[in-house]
Each structure stands twice: as structure tokens, then as C-alpha cells.
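A.B. asks: Supplied structure: final.cif, mmCIF, C-alpha atoms (C1' of nucleotides).
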data_final
loop_
_atom_site.label_atom_id
_atom_site.label_comp_id
_atom_site.auth_asym_id
_atom_site.auth_seq_id
_atom_site.Cartn_x
_atom_site.Cartn_y
_atom_site.Cartn_z
CA MET P 4 119.66 115.72 99.54
CA LEU P 5 117.19 118.00 97.76
CA GLU P 6 118.46 116.56 94.48
CA ARG P 7 117.57 113.06 95.66
CA VAL P 8 114.20 114.29 96.89
CA ARG P 9 113.54 115.64 93.38
CA GLU P 10 114.64 112.40 91.71
CA ARG P 11 112.08 110.56 93.78
CA GLY P 12 109.30 112.95 92.83
CA ALA P 13 108.89 114.01 96.44
CA GLU P 14 109.71 117.72 96.26
CA GLU P 15 106.16 119.02 96.35
CA LEU P 16 105.17 116.71 99.19
CA TYR P 17 108.29 117.81 101.05
CA ARG P 18 107.75 121.55 100.56
CA THR P 19 103.99 121.69 101.03
CA ILE P 20 103.44 119.02 103.69
CA GLU P 21 106.39 117.53 105.52
CA LEU P 22 108.48 120.69 105.98
CA PRO P 23 105.63 122.95 107.20
CA LEU P 24 104.39 120.11 109.41
CA THR P 25 107.60 120.14 111.48
CA ALA P 26 106.61 123.40 113.13
CA VAL P 27 103.15 122.08 113.92
CA LEU P 28 104.56 118.93 115.52
CA ALA P 29 107.09 120.94 117.50
CA ALA P 30 104.27 123.11 118.87
CA MET P 31 102.27 120.01 119.79
CA GLU P 32 105.21 118.39 121.55
CA ASP P 33 105.82 121.62 123.40
CA ALA P 34 102.15 121.95 124.41
CA GLY P 35 101.79 118.43 125.83
CA VAL P 36 98.58 117.27 127.46
CA LYS P 37 97.29 117.59 131.02
CA ILE P 38 96.80 114.45 133.11
CA ASP P 39 94.47 114.16 136.09
CA THR P 40 96.91 112.35 138.39
CA TYR P 41 94.33 112.06 141.16
CA ARG P 42 92.01 110.12 138.86
CA MET P 43 94.92 107.94 137.75
CA GLY P 44 95.76 107.23 141.37
CA GLU P 45 92.20 106.15 142.16
CA ILE P 46 92.12 103.66 139.31
CA THR P 47 95.59 102.38 140.19
CA ALA P 48 94.64 101.67 143.80
CA ARG P 49 91.54 99.79 142.74
CA LEU P 50 93.48 97.71 140.21
CA ALA P 51 96.37 96.90 142.50
CA ASP P 52 93.98 95.37 145.03
CA ARG P 53 92.16 93.37 142.41
CA LEU P 54 95.45 92.09 140.94
CA GLU P 55 96.54 90.75 144.32
CA GLU P 56 93.25 88.91 144.74
CA LEU P 57 93.54 87.37 141.29
CA GLU P 58 97.13 86.34 141.92
CA ALA P 59 96.19 84.57 145.16
CA LYS P 60 93.29 82.84 143.45
CA ALA P 61 95.49 81.66 140.56
CA TYR P 62 98.05 80.16 142.99
CA GLU P 63 95.25 78.40 144.87
CA LEU P 64 93.71 76.94 141.72
CA ALA P 65 97.09 75.82 140.40
CA ASP P 66 98.11 74.55 143.81
CA GLU P 67 101.47 76.32 143.44
CA GLU P 68 102.97 79.76 142.96
CA PHE P 69 104.09 80.81 139.48
CA MET P 70 104.72 84.00 137.53
CA LEU P 71 101.48 85.06 135.92
CA GLY P 72 103.45 87.33 133.61
CA SER P 73 105.50 84.49 132.19
CA THR P 74 103.97 82.87 129.11
CA GLN P 75 106.20 79.85 129.61
CA GLN P 76 105.07 79.29 133.18
CA VAL P 77 101.42 79.91 132.33
CA ALA P 78 101.70 77.35 129.50
CA ARG P 79 103.27 74.82 131.85
CA ILE P 80 100.44 75.20 134.37
CA LEU P 81 97.62 75.11 131.79
CA PHE P 82 98.84 72.49 129.37
CA GLU P 83 101.11 70.23 131.45
CA LYS P 84 99.88 70.38 135.01
CA LEU P 85 96.16 70.90 134.35
CA GLN P 86 96.11 69.10 130.99
CA LEU P 87 93.90 71.67 129.24
CA THR P 88 93.53 71.56 125.43
CA PRO P 89 96.52 73.22 123.77
CA GLY P 90 95.94 75.50 120.79
CA ARG P 91 98.54 76.94 118.48
CA LYS P 92 102.26 76.68 119.10
CA GLY P 93 104.96 79.31 118.88
CA LYS P 94 108.72 79.03 118.57
CA THR P 95 109.14 78.16 122.22
CA GLY P 96 106.02 76.18 123.00
CA TYR P 97 102.27 76.46 123.40
CA SER P 98 100.66 79.84 122.85
CA THR P 99 98.70 81.34 125.74
CA ASP P 100 97.37 84.38 123.89
CA THR P 101 93.87 85.86 124.24
CA ARG P 102 92.33 83.68 121.56
CA VAL P 103 93.70 80.45 122.98
CA LEU P 104 92.52 81.37 126.47
CA ARG P 105 89.06 82.31 125.19
CA THR P 106 88.73 78.88 123.57
CA ILE P 107 89.56 76.95 126.76
CA ARG P 108 87.83 79.34 129.15
CA HIS P 109 85.29 76.74 130.24
CA GLU P 110 87.73 73.92 130.84
CA HIS P 111 89.05 75.29 134.12
CA GLU P 112 88.28 78.13 136.51
CA ILE P 113 91.88 79.37 136.39
CA VAL P 114 91.63 80.49 132.76
CA GLU P 115 89.32 83.42 133.47
CA VAL P 116 91.53 84.41 136.39
CA ILE P 117 94.51 84.61 134.05
CA GLU P 118 92.52 86.51 131.42
CA GLU P 119 91.39 89.09 133.93
CA TRP P 120 94.88 89.36 135.45
CA ARG P 121 96.36 89.99 132.00
CA GLU P 122 93.90 92.80 131.26
CA TYR P 123 94.57 94.59 134.53
CA ALA P 124 98.33 94.01 134.54
CA LYS P 125 98.55 95.49 131.04
CA LEU P 126 96.71 98.64 132.03
CA LEU P 127 98.66 99.04 135.25
CA ASN P 128 102.13 98.36 133.82
CA THR P 129 101.76 100.17 130.52
CA TYR P 130 99.64 103.18 131.42
CA LEU P 131 98.69 103.78 135.04
CA GLN P 132 102.18 103.47 136.51
CA PRO P 133 104.45 104.83 133.75
CA LEU P 134 102.42 107.85 132.59
CA PRO P 135 102.38 109.88 135.83
CA SER P 136 106.14 109.44 136.16
CA LEU P 137 106.65 111.00 132.71
CA ILE P 138 104.88 114.23 133.61
CA SER P 139 107.16 117.24 133.20
CA ALA P 140 108.26 119.09 136.33
CA GLU P 141 108.38 122.26 134.19
CA ASP P 142 104.71 122.55 133.35
CA GLY P 143 102.99 119.53 134.90
CA ARG P 144 102.01 118.19 131.50
CA LEU P 145 102.76 115.01 129.54
CA HIS P 146 104.84 115.52 126.38
CA THR P 147 105.03 112.84 123.72
CA HIS P 148 107.42 112.76 120.78
CA PHE P 149 106.00 112.77 117.25
CA ASN P 150 108.09 110.71 114.85
CA GLN P 151 107.79 112.00 111.32
CA THR P 152 110.12 109.54 109.56
CA VAL P 153 109.34 106.16 111.04
CA ALA P 154 106.20 104.68 109.46
CA SER P 155 106.58 103.49 105.87
CA THR P 156 103.09 104.71 104.99
CA GLY P 157 103.66 108.36 105.94
CA ARG P 158 101.75 108.01 109.16
CA LEU P 159 103.09 109.68 112.28
CA SER P 160 104.06 107.59 115.24
CA THR P 161 104.46 108.68 118.87
CA SER P 162 106.88 107.42 121.46
CA ASN P 163 107.98 107.78 125.03
CA PRO P 164 105.09 107.64 125.78
CA ASN P 165 103.06 106.25 122.89
CA LEU P 166 99.97 108.43 123.21
CA GLN P 167 98.48 106.94 120.03
CA ALA P 168 97.70 103.70 121.88
CA ILE P 169 95.73 104.88 124.91
CA PRO P 170 92.97 102.34 125.78
CA ILE P 171 89.36 102.92 124.75
CA ARG P 172 87.67 99.54 124.13
CA THR P 173 86.99 98.30 127.65
CA GLU P 174 85.27 100.15 130.49
CA LEU P 175 88.49 100.30 132.45
CA GLY P 176 90.29 101.49 129.33
CA LYS P 177 87.83 104.36 128.99
CA GLU P 178 88.51 105.30 132.60
CA ILE P 179 92.21 105.70 131.81
CA ARG P 180 91.35 107.88 128.82
CA SER P 181 89.18 110.03 131.07
CA ALA P 182 92.33 111.05 132.97
CA PHE P 183 93.42 113.07 129.91
CA VAL P 184 91.92 116.47 130.70
CA PRO P 185 91.98 120.12 129.57
CA GLU P 186 93.51 123.04 131.48
CA THR P 187 91.14 124.93 133.80
CA GLY P 188 88.94 127.18 131.68
CA TYR P 189 89.45 124.98 128.62
CA ARG P 190 87.68 122.03 127.06
CA LEU P 191 88.88 119.13 124.91
CA LEU P 192 87.63 118.88 121.34
CA SER P 193 88.03 115.59 119.50
CA ALA P 194 87.52 115.61 115.73
CA ASP P 195 87.79 112.43 113.72
CA TYR P 196 87.39 111.52 110.10
CA SER P 197 84.48 109.12 109.70
CA GLN P 198 85.42 105.97 107.71
CA ILE P 199 88.16 107.89 105.93
CA GLU P 200 89.97 104.90 104.47
CA LEU P 201 86.80 103.39 102.97
CA ARG P 202 85.89 106.82 101.59
CA ILE P 203 89.32 107.00 99.96
CA LEU P 204 88.67 103.53 98.52
CA ALA P 205 85.31 104.71 97.14
CA HIS P 206 87.04 107.75 95.65
CA VAL P 207 90.04 106.09 94.03
CA SER P 208 88.04 103.12 92.74
CA GLY P 209 85.03 105.17 91.65
CA GLU P 210 82.82 102.27 92.73
CA PRO P 211 79.24 103.67 92.44
CA LYS P 212 77.72 101.43 95.10
CA LEU P 213 80.27 102.57 97.67
CA ARG P 214 80.00 106.22 96.65
CA GLU P 215 76.22 106.17 96.79
CA ALA P 216 76.17 104.49 100.18
CA PHE P 217 78.36 107.27 101.57
CA ALA P 218 76.36 109.93 99.73
CA ARG P 219 73.15 108.63 101.30
CA GLY P 220 74.79 108.65 104.73
CA ASP P 221 74.27 104.91 105.12
CA ASP P 222 76.12 102.86 107.71
CA ILE P 223 78.88 101.47 105.49
CA HIS P 224 79.20 98.05 107.18
CA THR P 225 75.43 97.53 106.95
CA ALA P 226 75.49 98.55 103.29
CA THR P 227 78.35 96.08 102.67
CA ALA P 228 76.41 93.32 104.45
CA VAL P 229 73.37 93.94 102.26
CA GLU P 230 75.48 93.54 99.11
CA VAL P 231 77.68 90.64 100.17
CA LEU P 232 75.12 88.57 102.07
CA GLY P 233 72.24 89.42 99.75
CA LYS P 234 69.76 90.18 102.53
CA ASP P 235 67.44 93.13 103.09
CA ALA P 236 68.73 95.66 105.58
CA ALA P 237 65.78 94.86 107.87
CA GLN P 238 66.77 91.17 108.08
CA LEU P 239 70.41 91.73 108.99
CA THR P 240 71.62 90.58 112.39
CA SER P 241 74.38 92.28 114.32
CA GLY P 242 76.51 89.25 113.44
CA ASP P 243 75.98 89.97 109.74
CA ARG P 244 77.17 93.51 110.23
CA SER P 245 80.27 92.29 112.13
CA ILE P 246 81.13 89.97 109.25
CA ALA P 247 80.81 92.85 106.78
CA LYS P 248 82.93 95.02 109.04
CA MET P 249 85.72 92.43 109.07
CA ILE P 250 85.50 92.15 105.28
CA ASN P 251 85.86 95.92 104.97
CA PHE P 252 88.89 95.84 107.26
CA GLY P 253 90.27 93.07 105.11
CA ILE P 254 89.83 95.06 101.92
CA VAL P 255 91.71 98.00 103.43
CA TYR P 256 94.55 95.72 104.60
CA GLY P 257 94.88 93.93 101.27
CA ILE P 258 92.65 90.94 101.76
CA SER P 259 93.59 87.25 101.82
CA ALA P 260 91.27 84.30 102.40
CA PHE P 261 93.58 83.02 105.10
CA GLY P 262 93.62 86.32 106.99
CA LEU P 263 89.86 86.76 106.81
CA SER P 264 89.27 83.16 107.90
CA GLU P 265 91.55 83.67 110.92
CA ASN P 266 89.76 86.81 111.97
CA LEU P 267 86.24 85.54 111.44
CA GLU P 268 87.25 82.12 112.83
CA ILE P 269 85.66 80.34 109.87
CA PRO P 270 86.99 77.86 107.26
CA ARG P 271 89.13 79.34 104.51
CA GLU P 272 86.65 78.26 101.84
CA GLU P 273 83.90 80.33 103.47
CA ALA P 274 86.20 83.32 103.73
CA GLN P 275 87.08 82.96 100.06
CA ALA P 276 83.36 82.89 99.20
CA TYR P 277 82.84 86.18 101.05
CA ILE P 278 85.75 87.76 99.19
CA ASP P 279 84.44 86.53 95.84
CA ALA P 280 80.98 87.88 96.64
CA TYR P 281 82.42 91.24 97.70
CA LEU P 282 84.49 91.66 94.55
CA ALA P 283 81.55 90.65 92.37
CA ARG P 284 79.28 93.21 94.04
CA PHE P 285 81.91 95.97 93.96
CA PRO P 286 83.61 95.35 90.60
CA LEU P 287 85.38 98.70 90.47
CA VAL P 288 87.08 97.86 93.75
CA GLN P 289 88.37 94.70 92.11
CA ASP P 290 89.66 96.82 89.20
CA PHE P 291 91.33 99.22 91.61
CA ILE P 292 93.13 96.38 93.41
CA GLN P 293 94.31 94.91 90.13
CA ARG P 294 95.45 98.29 88.80
CA THR P 295 97.34 99.10 91.97
CA ILE P 296 99.17 95.77 91.95
CA GLU P 297 100.10 96.11 88.26
CA GLN P 298 101.40 99.63 88.80
CA ALA P 299 103.47 98.61 91.79
CA LYS P 300 104.93 95.72 89.81
CA ARG P 301 105.81 98.01 86.91
CA ASP P 302 107.06 101.06 88.86
CA GLY P 303 108.35 99.35 91.98
CA TYR P 304 106.20 101.52 94.24
CA ALA P 305 102.60 102.46 95.06
CA THR P 306 101.43 106.10 95.13
CA SER P 307 99.09 107.98 97.49
CA LEU P 308 96.68 110.80 96.62
CA LEU P 309 99.28 113.49 97.31
CA GLY P 310 102.05 111.65 95.47
CA ARG P 311 103.74 109.94 98.39
CA ARG P 312 105.45 106.75 97.31
CA ARG P 313 105.97 103.45 99.06
CA PRO P 314 108.53 101.16 97.46
CA THR P 315 107.26 97.57 97.32
CA PRO P 316 110.17 95.44 96.06
CA GLU P 317 108.47 92.38 97.61
CA ILE P 318 105.98 92.42 94.78
CA ARG P 319 108.58 91.11 92.30
CA ALA P 320 109.78 88.28 94.54
CA SER P 321 109.74 84.70 93.27
CA ASN P 322 108.44 83.45 96.62
CA ARG P 323 104.66 83.49 96.51
CA GLN P 324 104.26 84.48 100.14
CA THR P 325 106.61 87.43 99.78
CA ARG P 326 104.91 88.49 96.54
CA SER P 327 101.48 88.40 98.18
CA LEU P 328 102.83 90.54 101.00
CA GLY P 329 104.00 93.09 98.41
CA GLU P 330 100.54 93.15 96.85
CA ARG P 331 98.87 93.78 100.21
CA LEU P 332 101.38 96.50 101.10
CA ALA P 333 100.73 98.29 97.79
CA VAL P 334 96.92 98.17 98.13
CA ASN P 335 96.92 99.13 101.81
CA PHE P 336 99.32 102.00 101.17
CA VAL P 337 96.95 103.82 98.84
CA MET P 338 94.44 104.15 101.68
CA GLN P 339 96.69 104.40 104.71
CA GLY P 340 99.15 106.73 102.96
CA SER P 341 96.43 108.99 101.55
CA ASN P 342 94.82 109.18 104.98
CA ALA P 343 98.18 110.32 106.36
CA ASP P 344 98.54 112.94 103.59
CA ILE P 345 95.08 114.36 104.21
CA ILE P 346 95.26 114.69 107.98
CA LYS P 347 98.73 116.25 107.78
CA LYS P 348 97.40 118.86 105.36
CA ALA P 349 94.50 119.56 107.71
CA MET P 350 96.86 119.95 110.69
CA ILE P 351 98.93 122.57 108.87
CA ALA P 352 95.82 124.53 107.90
CA ILE P 353 94.30 124.35 111.39
CA HIS P 354 97.53 125.37 113.11
CA ARG P 355 97.91 128.34 110.78
CA ARG P 356 94.34 129.56 111.18
CA LEU P 357 94.32 129.23 114.96
CA ARG P 358 97.42 131.42 114.98
CA ASP P 359 96.23 133.94 112.38
CA GLU P 360 92.85 134.34 114.03
CA GLY P 361 94.44 134.84 117.44
CA ARG P 362 92.83 131.84 119.09
CA GLY P 363 93.90 130.41 122.44
CA ALA P 364 93.10 126.93 121.15
CA ARG P 365 95.93 124.52 120.29
CA LEU P 366 96.41 121.10 118.74
CA VAL P 367 97.63 118.60 121.31
CA LEU P 368 97.44 115.11 119.75
CA GLN P 369 96.97 113.35 116.43
CA VAL P 370 95.86 109.72 116.39
CA HIS P 371 95.89 108.80 112.67
CA ASP P 372 92.33 109.89 111.88
CA GLU P 373 91.65 112.02 114.94
CA LEU P 374 92.80 115.43 116.15
CA LEU P 375 92.61 116.44 119.80
CA VAL P 376 92.40 120.17 120.44
CA GLU P 377 92.49 122.05 123.76
CA VAL P 378 90.07 124.98 123.43
CA PRO P 379 89.25 127.94 125.73
CA GLU P 380 85.62 127.59 126.80
CA ALA P 381 84.68 130.85 125.10
CA GLU P 382 86.10 129.68 121.74
CA VAL P 383 84.43 126.28 121.48
CA GLY P 384 81.81 127.29 118.91
CA PRO P 385 84.06 129.02 116.37
CA VAL P 386 86.95 126.55 116.79
CA LYS P 387 84.62 123.64 116.21
CA GLN P 388 83.57 125.24 112.93
CA LEU P 389 87.16 126.05 111.95
CA VAL P 390 88.38 122.49 112.60
CA ARG P 391 85.52 120.89 110.68
CA GLU P 392 86.02 123.24 107.76
CA GLU P 393 89.74 122.63 107.44
CA MET P 394 89.54 118.87 107.91
CA CYS P 395 86.83 118.56 105.24
CA ARG P 396 88.57 120.98 102.92
CA ALA P 397 91.99 119.33 103.13
CA TYR P 398 91.29 117.15 100.10
CA PRO P 399 88.05 117.14 98.10
CA LEU P 400 86.96 113.53 97.74
CA ASP P 401 83.98 111.98 96.00
CA PRO P 402 82.33 110.91 98.30
CA PRO P 403 83.27 113.90 100.48
CA LEU P 404 85.19 113.61 103.74
CA ALA P 405 83.01 113.53 106.85
CA VAL P 406 84.13 114.70 110.30
CA GLU P 407 82.65 113.85 113.69
CA ILE P 408 83.32 116.30 116.49
CA GLY P 409 82.74 116.00 120.21
CA VAL P 410 83.58 118.31 123.10
CA GLY P 411 84.08 117.33 126.73
CA ASP P 412 85.86 117.80 130.02
CA ASP P 413 88.08 114.80 129.34
CA TRP P 414 89.24 112.81 126.29
CA SER P 415 86.75 110.00 126.82
CA GLU P 416 83.82 112.39 127.09
CA ALA P 417 84.94 114.32 124.00
CA LYS P 418 84.79 111.13 121.93
CA ALA P 419 81.33 110.10 123.11
"C1'" DC W 25 123.15 95.74 128.87
"C1'" DA W 26 121.37 94.10 124.29
"C1'" DC W 27 118.53 91.25 122.26
"C1'" DT W 28 114.27 88.03 121.16
"C1'" DA W 29 109.64 86.11 121.93
"C1'" DG W 30 105.13 86.66 123.31
"C1'" DT W 31 101.55 89.53 124.30
"C1'" DG W 32 98.42 93.44 123.79
"C1'" DC W 33 97.26 98.57 123.33
"C1'" DA W 34 95.82 102.04 119.37
"C1'" DA W 35 94.17 103.46 114.30
"C1'" DT S 30 99.20 83.67 106.14
"C1'" DA S 31 95.15 90.95 106.71
"C1'" DT S 32 98.04 97.18 107.45
"C1'" DT S 33 100.77 100.57 110.57
"C1'" DG S 34 102.97 101.41 115.02
"C1'" DC S 35 105.10 101.20 120.64
"C1'" DA S 36 106.03 99.02 124.88
"C1'" DC S 37 105.52 95.86 128.49
"C1'" DT S 38 107.57 91.22 130.98
"C1'" DA S 39 110.18 87.16 130.85
"C1'" DG S 40 114.00 85.04 129.42
"C1'" DT S 41 118.82 84.40 127.26
"C1'" DG S 42 123.54 85.51 126.76
#
Can the structure from this file be put into C-alpha cells for me?

C.D. replies:
Amino acid sequence: MLERVRERGAEELYRTIELPLTAVLAAMEDAGVKIDTYRMGEITARLADRLEELEAKAYELADEEFMLGSTQQVARILFEKLQLTPGRKGKTGYSTDTRVLRTIRHEHEIVEVIEEWREYAKLLNTYLQPLPSLISAEDGRLHTHFNQTVASTGRLSTSNPNLQAIPIRTELGKEIRSAFVPETGYRLLSADYSQIELRILAHVSGEPKLREAFARGDDIHTATAVEVLGKDAAQLTSGDRSIAKMINFGIVYGISAFGLSENLEIPREEAQAYIDAYLARFPLVQDFIQRTIEQAKRDGYATSLLGRRRPTPEIRASNRQTRSLGERLAVNFVMQGSNADIIKKAMIAIHRRLRDEGRGARLVLQVHDELLVEVPEAEVGPVKQLVREEMCRAYPLDPPLAVEIGVGDDWSEAKA
DNA sequence: CACTAGTGCAA
DNA sequence: TATTGCACTAGTG
């Protein structure tokens, strides 16, 4: 197999990153993370009560009993029985997803009941009930599995349970995250790369406006809004910043007018105008996108900063839709794949130094641009410094990598 | 039991 | 018809 690894130009990546990383991941799986089951139980009890109330209310408003978890039955109630305005359709009928429900929220009282039921049922069924049952009898901790060969971009994934998708956006979500706690006498340290994928874009494109914005320490979405919307920073609304944020996401994902229009919920022509304005204001980004697509067409793959390759055969397809997909995959890979390279390199360095310096601290989770470390109280200061140093040093970018670090008595607090 | 569709959680 | 994942329930066979 080593011969085939060589043929694909992957030997260095294999020897310096992927192979040494296996030991780090094994140690992390072995360490696991502590869960405050009492806190989980409190939230669960509260939610279970609320879910029953919502269920009763939904039956009353629909004047019949139905399965709130069944999209088919929900669609029948909303769009046949109650005659609400249908939105998009799927293979089997009307969609009842979040966006559709949001649109018809004011047509009938039952819609908000269903929305709220969905949110709570998700948290209960996916996190609050399954997680405690997965806690090891051996050490009382929760052990995930890190998959090293699943994601086509070189990212890690986690499974059984998927600890890379623990809620954070809603208040209730944050409460679930707060049940992830350190061992007695320890604290949790969360370190995440700030805007790493846009910094990689600034680096690989060499776009001066992006580089300078990062160098000045500007808020990158605000800086983008200033350029694309042509307003002074002082006149920007929070809506302007949100638009710029969605455009930046779009650039990282390999933008299309259709995709941006869907996400901003605006006409495709307006989305196209935003894209045109962006590319005109950041011309080196446009060059980078073009270069990346041409390379992928020629070589059959895109390449990350550390030489990882993603084959993109779609890019030579005769079907326009498939070809566009290939172009987006190639562009996105440069940023997502390089991000994966960099954080893996940092993990190896951190693991090694914690061991060599005789620290009691240990890596417990990686969430794509974040590392979670369990640290003895007495070591917090030096470990914080060590983690920042190794994460920043992993790959010298221009603009440089920036790392935000928080420490707390649970995962939610550490991220605040 | 294996599979798909729809939905929604994370970065 | 914007990138990468995992996992839940309902429903089919």
C-alpha cells in the first residue's frame, strides 16, 4: 500500500500527520469526557413535561390525535385539514421543514406548537436520552469514536455518539453543552481558531484587502459588508453584516447565485449582484477561484496547503450541474482541507508537549476548528500558553492564525 | 432487519 | 441548485 501512497504523492502527509495522529486520537478516545448526569436529568424532566403539554395542545388545535414526529401526518394536518399555504414539495409530498413552518407561522396557532415540539423532541431524543446511556461503566465517562478515514476533505468525524454536533445555538442547547464537565480538580479549556477558513482564503489568494482586514483585527464580516455594500462602517446595520456573513460562507462553500439566494431568501438576480460586487472588490479571490478550478480540471484533483488531495472527477462532467458541483468541491476543499491539515498538526504537537512536559492535561475533543482540553487547575496558565503557541505555530499563514481561548467549569462556560 | 426520506444538530 | 459530517423518527418491504 505504501507504494500506492507514494504514487499519489501522499507519503509525507501520511508519515508526518496521519500516522502520528492515530496515537493522539486513540488517547482521546480512551480519555473520554465527563458528563454531569444530574444536570442532564434536570433538563430532561423539564422537557418531558413541556413536550406532553405541547402534544395535548396540538391534538386540541387539530381536533384529532396524530404523530407529531411524522412529516406525512403533520403535512396532512397542516395542508389538507387546516388548508394552510403549502411551500416546497419533496418526493413524497409537501415539506414541513423549519423554513416552511416559519413562513406559515401566523396562519394558525398550531404551527408554533409544532415548531416548539420539534425543537424539544430533537434535543430529548438525540442528546438528553441517548448520551447518559452511553456512559462507560468502567470509568463513568463518555467515549466517542474518531473516524480518520471518512470525510473526503481530511476532516475527522465522530460517531456513536457524534460529539461534534452537540447543540450550542439555542438557550436550551447551551444547557445541554453545560452538562459536559471536567473531572474534580480540573477545568475545561476550549481553544478555537478564529475565522480560520477565511484566513486561509486570504493567504492562498493573497488578496490585500482581506489580509489587511485581518492584520488590523477588523471584524471580517463587517469589513466584507463595507466593501460589497459600499457603505461606511458606521452606517452598517446588523442586517448588512448578516448579508456579508452569508456571502463569506458562500465563498468558502464555492458560491452559486442560486445557493446564496436560497439562504438570504432573496431573488437570484440580487444574489448574483452581491457575488459580482464581491468578486470585483476582492479580485485576487476571483483569480484564486479560477486558478483552483483550472488546476482541478487539469490534474483531476484539488490540493490543500499540506499537499492533501481531493479527486474531483465531477469537474469534467458534461452535465452542467455535475460540473458546477465539481467546481464547488475543488474550491471548498482548499479551505476545508487545509483547516483539517493545520488542526491535525497542532493536535500532534500539543499531545507531544503535554507528555514531554509532564502535564496532567489531556486533549478530549476536536470539533473541526476547536480543541477541548481537560486541565488540572494548577496547570491552567501554562497549558493555555502551550496550546495557543502550538495552534498558532502549526502553519505560518499571512495573515497569521488567531486563536481564542476560554476556560470554564463546563464546555458552555469555556466557550463564552 | 435493511433501507429511504425528511428533518435537524455541529463546524 | 452553497461544504463536510451523524443520527433521529416514520415508513416501506

A.B. asks: When the cut-off is 7 Å and we count only C-alpha atoms (C1' of nucleotides), which residues of chain W are near chain P, given as a list in words?

C.D. replies: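 Per the criterion, chain W yields DT31, DC33, DA34 and DA35 of chain W.
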
A.B. asks: Using only C-alpha atoms (C1' of nucleotides), what table do you get, as a Markdown table, when you list each residue of chain S with an atom no more than 6 Å from chain P, its nearest pair of atoms, and their distance in Å rounded to one decimal, rows by chain then rising number?

C.D. replies:
| residue | atom | partner | partner_atom | distance |
| --- | --- | --- | --- | --- |
| S:DT30 | C1' | P:Phe261 | CA | 5.8 |
| S:DA31 | C1' | P:Gly262 | CA | 4.9 |
| S:DT32 | C1' | P:Tyr256 | CA | 4.7 |
| S:DC35 | C1' | P:Asn165 | CA | 5.9 |
| S:DA39 | C1' | P:Ser73 | CA | 5.6 |

A.B. asks: If you apply the PyMOL selection byres ((chain P and resi 244) around 12) to this file, what residues do you get, as number ranges by chain?

C.D. replies: P: 222-232, 234, 236-243, 245-251

A.B. asks: For the atom pair CA of Glu67 (chain P) and CA of Glu83 (chain P), what is the interatomic distance in Å to one decimal place?

C.D. replies: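 A separation of 13.5 Å between them.
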
A.B. asks: Between P:Ala343, P:Val376, P:Ala34, P:Val8, which one has atoms that come closest to DT33 (chain S), using all atoms listed in the file?

C.D. replies: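 Using all atoms listed in the file, the shortest distance to DT33 (chain S) belongs to P:Ala343.
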
A.B. asks: Rank nothing, just name the residue among P:Val288, P:Phe149, P:Glu382, P:Glu215 nearest to DG34 (chain S), using all atoms listed in the file.

C.D. replies: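 Of P:Val288, P:Phe149, P:Glu382, P:Glu215, the one nearest DG34 (chain S) is P:Phe149, counting all atoms listed in the file.
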
A.B. asks: What is the distance between CA of Ile296 (chain P) and CA of Glu330 (chain P), in Å to one decimal?

C.D. replies: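 Computing the Euclidean distance for CA of Ile296 (chain P) and CA of Glu330 (chain P) yields 5.7 Å.
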
A.B. asks: Considering all atoms listed in the file, return as a compact mmCIF listing (two decimals) with C-alpha atoms, keeping the file's coordinate frame whatever protein or nucleic-acid residues lie within 8 Å of Asp413 (chain P), sequence-local ones (same chain, fewer than 3 positions apart) excluded.

C.D. replies:
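Ended up saving to part02.txt:
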# COMPACT_ATOMS: atom_id res chain seq x y z
CA ARG P 180 91.35 107.88 128.82
CA SER P 181 89.18 110.03 131.07
CA ALA P 182 92.33 111.05 132.97
CA PHE P 183 93.42 113.07 129.91
CA VAL P 184 91.92 116.47 130.70
CA PRO P 185 91.98 120.12 129.57
CA ARG P 190 87.68 122.03 127.06
CA LEU P 191 88.88 119.13 124.91
CA GLU P 416 83.82 112.39 127.09
CA ALA P 417 84.94 114.32 124.00

A.B. asks: Got a sec to resolve the PyMOL selection byres ((chain S and resi 42) around 12) on this structure and send the residues as a ChimeraX atom specification?

C.D. replies: /W:25-28 /S:40-41

A.B. asks: At a cut-off of 10 Å, using only C-alpha atoms (C1' of nucleotides), what residues contact Glu21 (chain P)? Leave out same-chain residues fewer than 2 positions from it and give the result as a list in words.

C.D. replies: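 What passes the distance filter is Glu14, Glu15, Leu16, Tyr17, Arg18, Thr19, Pro23, Leu24, Thr25, Ala26, Gln151, Thr152, Gly157, Asp344, Lys347, Lys348 and Ile351 of chain P.
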
A.B. asks: Find the distance between CA of His354 (chain P) and CA of Pro403 (chain P) and write it in Å to one decimal.

C.D. replies: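 These atoms are spaced 22.2 Å apart.
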
A.B. asks: Taking all atoms of region 25-34 of chain W that appear in the file, build a box with edges along x, y and z, extend it by 5 Å on every side, and state its centre and edge lengths in Å to one decimal, as lines of an AutoDock Vina configuration file.

C.D. replies:
center_x = 109.5
center_y = 94.1
center_z = 124.1
size_x = 37.3
size_y = 25.9
size_z = 19.5

A.B. asks: Would you list the contacts of Trp120 (chain P) as a PyMOL selection string, taking every protein, DNA or RNA residue within 8 Å and counting only C-alpha atoms (C1' of nucleotides), but skipping same-chain residues closer than 2 positions in sequence?

C.D. replies: chain P and resi 54+57-58+71+116-118+122-124

A.B. asks: When distances are computed from only C-alpha atoms (C1' of nucleotides), which of P:Ala78, P:Glu56, P:Ser341, P:Arg7 shows the smallest separation from DG30 (chain W)?

C.D. replies: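 Ranking P:Ala78, P:Glu56, P:Ser341, P:Arg7 by distance to DG30 (chain W), first place goes to P:Ala78.
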